[in-house]
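Student: Contents of structure12.cif (mmCIF, C-alpha atoms):
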data_structure
#
loop_
_atom_site.group_PDB
_atom_site.id
_atom_site.type_symbol
_atom_site.label_atom_id
_atom_site.label_comp_id
_atom_site.auth_asym_id
_atom_site.auth_seq_id
_atom_site.Cartn_x
_atom_site.Cartn_y
_atom_site.Cartn_z
ATOM 1 C CA MET A 1 -25.341 32.837 56.460
ATOM 2 C CA CYS A 2 -26.230 31.357 59.831
ATOM 3 C CA ASP A 3 -25.555 34.661 61.614
ATOM 4 C CA THR A 4 -27.814 36.735 59.391
ATOM 5 C CA PHE A 5 -30.646 34.321 58.667
ATOM 6 C CA LYS A 6 -32.859 32.188 60.883
ATOM 7 C CA LYS A 7 -34.056 28.812 59.623
ATOM 8 C CA ILE A 8 -37.853 28.495 59.727
ATOM 9 C CA LYS A 9 -40.400 25.879 58.703
ATOM 10 C CA PRO A 10 -42.186 26.431 55.386
ATOM 11 C CA GLN A 11 -45.433 26.633 57.366
ATOM 12 C CA ASP A 12 -44.046 29.679 59.203
ATOM 13 C CA ILE A 13 -43.834 31.829 56.080
ATOM 14 C CA THR A 14 -46.391 34.538 56.768
ATOM 15 C CA ASP A 15 -46.236 36.393 53.444
ATOM 16 C CA ASN A 16 -49.191 36.386 51.085
ATOM 17 C CA VAL A 17 -47.738 34.221 48.305
ATOM 18 C CA PHE A 18 -49.746 35.953 45.585
ATOM 19 C CA LYS A 19 -48.119 39.266 46.525
ATOM 20 C CA LEU A 20 -44.755 37.696 47.334
ATOM 21 C CA ILE A 21 -44.373 36.191 43.867
ATOM 22 C CA GLY A 22 -46.758 38.122 41.651
ATOM 23 C CA SER A 23 -45.906 41.682 42.651
ATOM 24 C CA ASP A 24 -42.875 41.588 44.981
ATOM 25 C CA TRP A 25 -41.000 39.178 42.646
ATOM 26 C CA MET A 26 -38.010 36.966 43.431
ATOM 27 C CA LEU A 27 -34.579 36.036 42.155
ATOM 28 C CA ILE A 28 -34.396 32.474 40.847
ATOM 29 C CA THR A 29 -30.789 31.323 41.137
ATOM 30 C CA ALA A 30 -29.080 28.122 40.022
ATOM 31 C CA GLY A 31 -25.467 27.095 40.449
ATOM 32 C CA PRO A 32 -22.779 27.496 43.117
ATOM 33 C CA PRO A 33 -21.288 30.917 43.935
ATOM 34 C CA ASP A 34 -18.393 30.422 41.514
ATOM 35 C CA ALA A 35 -20.679 29.478 38.567
ATOM 36 C CA TYR A 36 -24.269 30.646 38.930
ATOM 37 C CA ASN A 37 -26.834 32.796 37.212
ATOM 38 C CA THR A 38 -29.882 34.549 38.543
ATOM 39 C CA MET A 39 -33.004 36.019 37.025
ATOM 40 C CA THR A 40 -36.093 37.792 38.248
ATOM 41 C CA GLY A 41 -39.245 35.691 38.456
ATOM 42 C CA GLY A 42 -42.809 36.820 38.892
ATOM 43 C CA TRP A 43 -44.595 33.560 38.139
ATOM 44 C CA GLY A 44 -44.540 30.620 40.530
ATOM 45 C CA GLY A 45 -46.088 29.212 43.639
ATOM 46 C CA PHE A 46 -45.876 27.130 46.773
ATOM 47 C CA GLY A 47 -47.896 24.142 47.884
ATOM 48 C CA VAL A 48 -47.908 20.494 48.810
ATOM 49 C CA LEU A 49 -47.352 17.815 46.186
ATOM 50 C CA TRP A 50 -46.352 14.176 46.535
ATOM 51 C CA GLU A 51 -46.540 14.612 50.306
ATOM 52 C CA ARG A 52 -43.773 17.238 50.185
ATOM 53 C CA ASN A 53 -43.615 21.007 50.599
ATOM 54 C CA VAL A 54 -42.792 22.291 47.144
ATOM 55 C CA CYS A 55 -42.422 25.407 45.085
ATOM 56 C CA TRP A 56 -42.497 25.840 41.376
ATOM 57 C CA CYS A 57 -40.954 28.389 39.075
ATOM 58 C CA PHE A 58 -40.826 28.881 35.335
ATOM 59 C CA ILE A 59 -37.952 29.641 32.970
ATOM 60 C CA ARG A 60 -38.042 30.151 29.215
ATOM 61 C CA PRO A 61 -35.389 28.153 27.304
ATOM 62 C CA HIS A 62 -33.740 31.252 25.814
ATOM 63 C CA ARG A 63 -32.936 32.695 29.254
ATOM 64 C CA HIS A 64 -29.303 32.364 30.354
ATOM 65 C CA THR A 65 -30.454 30.976 33.731
ATOM 66 C CA TYR A 66 -32.075 28.033 31.930
ATOM 67 C CA LYS A 67 -28.761 26.262 31.247
ATOM 68 C CA PHE A 68 -27.722 26.724 34.881
ATOM 69 C CA MET A 69 -31.046 25.332 36.097
ATOM 70 C CA GLU A 70 -30.693 22.359 33.787
ATOM 71 C CA LYS A 71 -27.285 21.493 35.288
ATOM 72 C CA ALA A 72 -28.175 22.167 38.911
ATOM 73 C CA LYS A 73 -29.627 19.687 41.380
ATOM 74 C CA ASN A 74 -30.742 22.517 43.653
ATOM 75 C CA PHE A 75 -31.846 26.134 43.309
ATOM 76 C CA THR A 76 -32.848 29.105 45.436
ATOM 77 C CA LEU A 77 -35.604 31.676 45.447
ATOM 78 C CA SER A 78 -34.558 34.947 47.096
ATOM 79 C CA PHE A 79 -37.101 37.570 48.152
ATOM 80 C CA PHE A 80 -36.279 41.199 48.961
ATOM 81 C CA ASP A 81 -37.769 44.274 50.574
ATOM 82 C CA GLU A 82 -39.292 46.862 48.240
ATOM 83 C CA ARG A 83 -36.175 49.024 48.442
ATOM 84 C CA TYR A 84 -34.514 46.412 46.186
ATOM 85 C CA ARG A 85 -37.020 46.873 43.331
ATOM 86 C CA ALA A 86 -34.310 48.319 41.061
ATOM 87 C CA VAL A 87 -32.191 45.199 41.687
ATOM 88 C CA LEU A 88 -35.069 42.971 40.591
ATOM 89 C CA GLU A 89 -35.717 45.143 37.540
ATOM 90 C CA LEU A 90 -32.055 44.967 36.520
ATOM 91 C CA CYS A 91 -31.878 41.192 37.035
ATOM 92 C CA GLY A 92 -35.006 40.787 34.928
ATOM 93 C CA SER A 93 -33.879 43.007 32.065
ATOM 94 C CA LYS A 94 -30.177 42.167 31.673
ATOM 95 C CA SER A 95 -28.657 38.861 30.661
ATOM 96 C CA GLY A 96 -25.957 37.141 32.665
ATOM 97 C CA ARG A 97 -24.299 36.486 29.302
ATOM 98 C CA ASP A 98 -23.546 40.207 29.073
ATOM 99 C CA VAL A 99 -23.244 41.517 32.622
ATOM 100 C CA ASP A 100 -22.423 40.411 36.149
ATOM 101 C CA LYS A 101 -25.887 41.077 37.543
ATOM 102 C CA ALA A 102 -24.928 40.937 41.215
ATOM 103 C CA ALA A 103 -22.059 43.392 40.767
ATOM 104 C CA SER A 104 -24.158 45.712 38.609
ATOM 105 C CA ALA A 105 -27.073 45.577 41.052
ATOM 106 C CA GLY A 106 -24.907 45.904 44.162
ATOM 107 C CA ILE A 107 -26.015 42.669 45.818
ATOM 108 C CA THR A 108 -23.820 40.067 47.479
ATOM 109 C CA PRO A 109 -23.904 36.425 46.347
ATOM 110 C CA MET A 110 -23.266 33.901 49.091
ATOM 111 C CA PRO A 111 -23.278 30.111 49.388
ATOM 112 C CA GLY A 112 -26.568 28.640 50.477
ATOM 113 C CA MET A 113 -26.929 25.990 53.161
ATOM 114 C CA LEU A 114 -27.958 23.476 50.482
ATOM 115 C CA ALA A 115 -25.019 22.149 48.449
ATOM 116 C CA GLY A 116 -24.310 23.964 45.216
ATOM 117 C CA THR A 117 -26.651 26.877 45.813
ATOM 118 C CA THR A 118 -26.239 30.625 45.761
ATOM 119 C CA ALA A 119 -28.434 33.164 47.510
ATOM 120 C CA PHE A 120 -28.054 36.855 48.307
ATOM 121 C CA ALA A 121 -27.060 38.481 51.589
ATOM 122 C CA GLU A 122 -29.559 41.321 51.102
ATOM 123 C CA ALA A 123 -32.573 39.001 50.780
ATOM 124 C CA ARG A 124 -35.198 38.952 53.526
ATOM 125 C CA LEU A 125 -36.402 35.420 52.719
ATOM 126 C CA ILE A 126 -34.575 32.578 50.975
ATOM 127 C CA ILE A 127 -36.145 29.298 49.908
ATOM 128 C CA GLU A 128 -33.658 26.516 49.083
ATOM 129 C CA CYS A 129 -35.013 23.731 46.918
ATOM 130 C CA LYS A 130 -34.024 20.346 45.568
ATOM 131 C CA LYS A 131 -35.170 19.993 41.967
ATOM 132 C CA ILE A 132 -37.561 17.008 41.794
ATOM 133 C CA TYR A 133 -39.573 17.464 38.583
ATOM 134 C CA TYR A 134 -39.842 19.516 35.415
ATOM 135 C CA HIS A 135 -42.102 19.727 32.420
ATOM 136 C CA ASP A 136 -42.424 21.904 29.339
ATOM 137 C CA PHE A 137 -45.562 23.878 28.632
ATOM 138 C CA ASP A 138 -47.433 22.511 25.631
ATOM 139 C CA PRO A 139 -49.776 24.973 23.909
ATOM 140 C CA LYS A 140 -52.048 22.076 22.919
ATOM 141 C CA ASN A 141 -52.935 21.847 26.617
ATOM 142 C CA PHE A 142 -53.971 25.518 27.020
ATOM 143 C CA LEU A 143 -57.686 25.333 27.766
ATOM 144 C CA ASP A 144 -57.972 29.115 27.578
ATOM 145 C CA ALA A 145 -56.731 30.398 24.204
ATOM 146 C CA ALA A 146 -55.779 33.743 25.780
ATOM 147 C CA ILE A 147 -52.853 32.019 27.533
ATOM 148 C CA GLY A 148 -51.191 31.796 24.130
ATOM 149 C CA ASP A 149 -51.024 35.613 24.118
ATOM 150 C CA CYS A 150 -48.236 35.316 26.713
ATOM 151 C CA TYR A 151 -46.135 33.518 24.091
ATOM 152 C CA PRO A 152 -46.050 35.583 20.874
ATOM 153 C CA GLU A 153 -42.662 34.006 20.068
ATOM 154 C CA CYS A 154 -43.748 30.458 21.044
ATOM 155 C CA ASP A 155 -41.004 30.386 23.700
ATOM 156 C CA TYR A 156 -42.919 28.262 26.191
ATOM 157 C CA HIS A 157 -41.652 27.967 29.743
ATOM 158 C CA ARG A 158 -40.153 24.949 31.410
ATOM 159 C CA ALA A 159 -41.778 24.468 34.822
ATOM 160 C CA TYR A 160 -39.532 23.324 37.654
ATOM 161 C CA THR A 161 -40.864 21.809 40.860
ATOM 162 C CA GLY A 162 -38.521 21.956 43.816
ATOM 163 C CA GLU A 163 -38.863 20.286 47.175
ATOM 164 C CA VAL A 164 -38.427 22.958 49.836
ATOM 165 C CA ILE A 165 -35.403 21.926 51.899
ATOM 166 C CA ASN A 166 -34.603 25.145 53.785
ATOM 167 C CA CYS A 167 -36.464 28.365 54.476
ATOM 168 C CA LEU A 168 -34.319 31.175 55.812
ATOM 169 C CA ARG A 169 -35.455 34.620 56.864
ATOM 170 C CA VAL A 170 -33.965 37.659 58.464
ATOM 171 C CA PRO A 171 -35.031 37.619 62.136
#
Represent the structure of the file as structure tokens.
Tutor:
Amino acid sequence: MCDTFKKIKPQDITDNVFKLIGSDWMLITAGPPDAYNTMTGGWGGFGVLWERNVCWCFIRPHRHTYKFMEKAKNFTLSFFDERYRAVLELCGSKSGRDVDKAASAGITPMPGMLAGTTAFAEARLIIECKKIYYHDFDPKNFLDAAIGDCYPECDYHRAYTGEVINCLRVP
């Protein structure tokens, strides 16, 4: 990993985060290389909370990645160039219960720098996080009723906040 990626400060990420997450998407991955799962995410963010650089991501309880995230102390967010769009589509439409997503998508899992994490060799940016908080969405707290339209099956997300420990990018 050290040969391919350069460690940078979170403040040195130059991507527009609205595009990076909302339209470019990411792979959210929890677990070590011998027991992990990954899924595509398009909701999330970065910021400062509790005097720490943090990110947050969201996983519905029925997703296979959820149980891995629940067990893990750490997780990664991997971002790719546009040529990997099909990879992200596959990882967002197939379940790790049924298919080895990395093998099917042709991407290479690798150990992260942070203990117990997995990232992907083809990523252009990897954010390694220590899980520090979670909460479940409660529809009683939706101030805009239209938000409920995102949950026709009432499968509300769990929000995870991770302290950003490492940022790695391809030089």
Student: Starting from the shown file, work through the PyMOL selection byres ((chain A and resi 78) around 12) and note down what comes out as a VMD selection string.
Tutor: chain A and resid 20 to 21 24 to 30 38 to 42 75 to 77 79 to 81 84 87 to 88 107 to 110 112 117 to 129 166 to 170
Student: Using only C-alpha atoms, find each residue of segment 28-64 of chain A with at least one atom at most 10 Å away from an atom of segment 131-148 of chain A; report its shortest atom-to-atom pair and that distance in Å (one decimal), sort the rows by chain and rising residue number, and return the result as a Markdown table.
Tutor:
| residue | atom | partner | partner_atom | distance |
| --- | --- | --- | --- | --- |
| A:Val54 | CA | A:Ile132 | CA | 9.2 |
| A:Cys55 | CA | A:Lys131 | CA | 9.6 |
| A:Trp56 | CA | A:Tyr134 | CA | 9.1 |
| A:Cys57 | CA | A:Tyr134 | CA | 9.7 |
| A:Phe58 | CA | A:Asp136 | CA | 9.3 |
| A:Ile59 | CA | A:Asp136 | CA | 9.6 |
| A:Arg60 | CA | A:Asp136 | CA | 9.3 |
| A:Pro61 | CA | A:Asp136 | CA | 9.6 |
Student: When you look at Gly96 of chain A with a cut-off of 10 Å (counting only C-alpha atoms), what residues show up, excluding the ones that are within fewer than 6 positions of it in the same chain? I need them as an MDAnalysis selection string.
Tutor: chainID A and resid 36:39 63:65 102
Student: Counting all atoms listed in the file, which of A:Cys154, A:Asp100, A:Ser95, A:Gly31 gets nearest to Glu70 of chain A?
Tutor: A:Gly31
Student: Given the file shown, determine the residues that the PyMOL selection byres ((chain A and resi 105) around 8) selects; report them as an NGL selection string.
Tutor: :A and (86-87 or 90-91 or 101-104 or 106-107)
Student: Around segment 157-166 of chain A, with edges along x, y and z and 3 Å added on all six sides, what centre and edge lengths do you get, in Å to one decimal, as AutoDock Vina command-line options?
Tutor:
--center_x -38.2 --center_y 24.1 --center_z 41.8 --size_x 13.2 --size_y 13.7 --size_z 30.0
Student: Do you have the atom CA of Ile165 of chain A-atom CA of Lys7 of chain A distance handy?
Tutor: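 Atom CA of Lys7 of chain A lies at a distance of 10.4 Å from atom CA of Ile165 of chain A.
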Student: How many Å separate atom CA of Glu51 of chain A from atom CA of Lys130 of chain A?
Tutor: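 If I compute the distance from atom CA of Glu51 of chain A to atom CA of Lys130 of chain A, I get 14.6 Å.
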Student: Atom CA of Glu82 of chain A and atom CA of Arg97 of chain A, how far apart in Å?
Tutor: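 Between atom CA of Arg97 of chain A and atom CA of Glu82 of chain A the gap is 26.3 Å.
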Student: From the set A:Ser23, A:Ser93, A:Asn53, A:Thr161, which residue has the shortest atom-to-atom contact distance to Gln11 of chain A, counting all atoms listed in the file?
Tutor: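 Once distances to Gln11 of chain A are computed over all atoms listed in the file, the minimum belongs to A:Asn53.
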Student: Quick test: take segment 71-155 of chain A, keep C-alpha atoms, and write it as a compact mmCIF listing (two decimals), in the first residue's frame.
Tutor:
# COMPACT_ATOMS: atom_id res chain seq x y z
CA LYS A 71 -18.46 -5.78 14.37
CA ALA A 72 -15.69 -3.53 13.08
CA LYS A 73 -13.84 -0.88 15.05
CA ASN A 74 -12.62 0.73 11.83
CA PHE A 75 -13.82 1.12 8.25
CA THR A 76 -12.69 2.55 4.92
CA LEU A 77 -14.18 4.71 2.21
CA SER A 78 -12.62 4.05 -1.20
CA PHE A 79 -13.08 6.45 -4.12
CA PHE A 80 -12.41 5.60 -7.77
CA ASP A 81 -11.97 7.24 -11.15
CA GLU A 82 -15.01 7.30 -13.43
CA ARG A 83 -13.72 4.31 -15.39
CA TYR A 84 -14.71 2.20 -12.36
CA ARG A 85 -18.40 3.18 -12.53
CA ALA A 86 -19.41 -0.39 -13.42
CA VAL A 87 -17.58 -1.64 -10.31
CA LEU A 88 -19.56 0.76 -8.13
CA GLU A 89 -22.81 -0.22 -9.83
CA LEU A 90 -22.10 -3.92 -9.27
CA CYS A 91 -21.14 -3.38 -5.62
CA GLY A 92 -24.34 -1.42 -5.09
CA SER A 93 -26.66 -3.91 -6.75
CA LYS A 94 -25.30 -7.30 -5.63
CA SER A 95 -25.16 -8.68 -2.11
CA GLY A 96 -22.00 -10.04 -0.56
CA ARG A 97 -24.21 -12.87 0.72
CA ASP A 98 -24.50 -14.10 -2.87
CA VAL A 99 -21.35 -13.04 -4.69
CA ASP A 100 -17.72 -12.15 -4.10
CA LYS A 101 -18.06 -8.53 -5.20
CA ALA A 102 -14.35 -7.83 -5.57
CA ALA A 103 -13.78 -10.90 -7.74
CA SER A 104 -16.88 -10.22 -9.82
CA ALA A 105 -15.96 -6.55 -10.26
CA GLY A 106 -12.27 -7.22 -10.93
CA ILE A 107 -10.91 -5.12 -8.07
CA THR A 108 -8.17 -6.06 -5.62
CA PRO A 109 -8.81 -6.01 -1.86
CA MET A 110 -5.79 -5.11 0.24
CA PRO A 111 -5.10 -4.50 3.92
CA GLY A 112 -5.40 -0.90 4.99
CA MET A 113 -2.86 0.89 7.16
CA LEU A 114 -5.42 1.00 9.99
CA ALA A 115 -5.80 -2.34 11.81
CA GLY A 116 -8.58 -4.56 10.57
CA THR A 117 -9.40 -2.58 7.46
CA THR A 118 -9.69 -3.44 3.80
CA ALA A 119 -9.38 -1.05 0.88
CA PHE A 120 -8.92 -1.51 -2.86
CA ALA A 121 -5.74 -1.22 -4.91
CA GLU A 122 -7.58 0.46 -7.79
CA ALA A 123 -8.92 3.32 -5.65
CA ARG A 124 -7.61 6.84 -6.20
CA LEU A 125 -8.46 8.03 -2.67
CA ILE A 126 -8.89 6.00 0.52
CA ILE A 127 -10.16 7.37 3.82
CA GLU A 128 -9.50 5.14 6.85
CA CYS A 129 -11.70 5.79 9.85
CA LYS A 130 -12.09 4.76 13.46
CA LYS A 131 -15.77 4.31 14.30
CA ILE A 132 -16.63 6.76 17.11
CA TYR A 133 -20.42 7.15 17.04
CA TYR A 134 -23.60 5.79 15.49
CA HIS A 135 -27.28 6.53 15.61
CA ASP A 136 -30.42 5.25 13.93
CA PHE A 137 -32.64 7.52 11.89
CA ASP A 138 -35.98 8.10 13.59
CA PRO A 139 -38.82 9.17 11.28
CA LYS A 140 -40.37 11.15 14.15
CA ASN A 141 -37.43 13.54 13.74
CA PHE A 142 -37.94 14.18 9.99
CA LEU A 143 -38.87 17.85 9.82
CA ASP A 144 -39.59 17.56 6.10
CA ALA A 145 -42.21 14.86 5.44
CA ALA A 146 -40.76 14.25 1.96
CA ILE A 147 -37.73 12.58 3.57
CA GLY A 148 -40.02 9.68 4.43
CA ASP A 149 -40.39 9.04 0.68
CA CYS A 150 -36.82 7.67 0.75
CA TYR A 151 -38.04 4.91 3.06
CA PRO A 152 -41.11 3.21 1.54
CA GLU A 153 -40.17 0.03 3.43
CA CYS A 154 -39.37 1.86 6.71
CA ASP A 155 -35.80 0.53 6.54
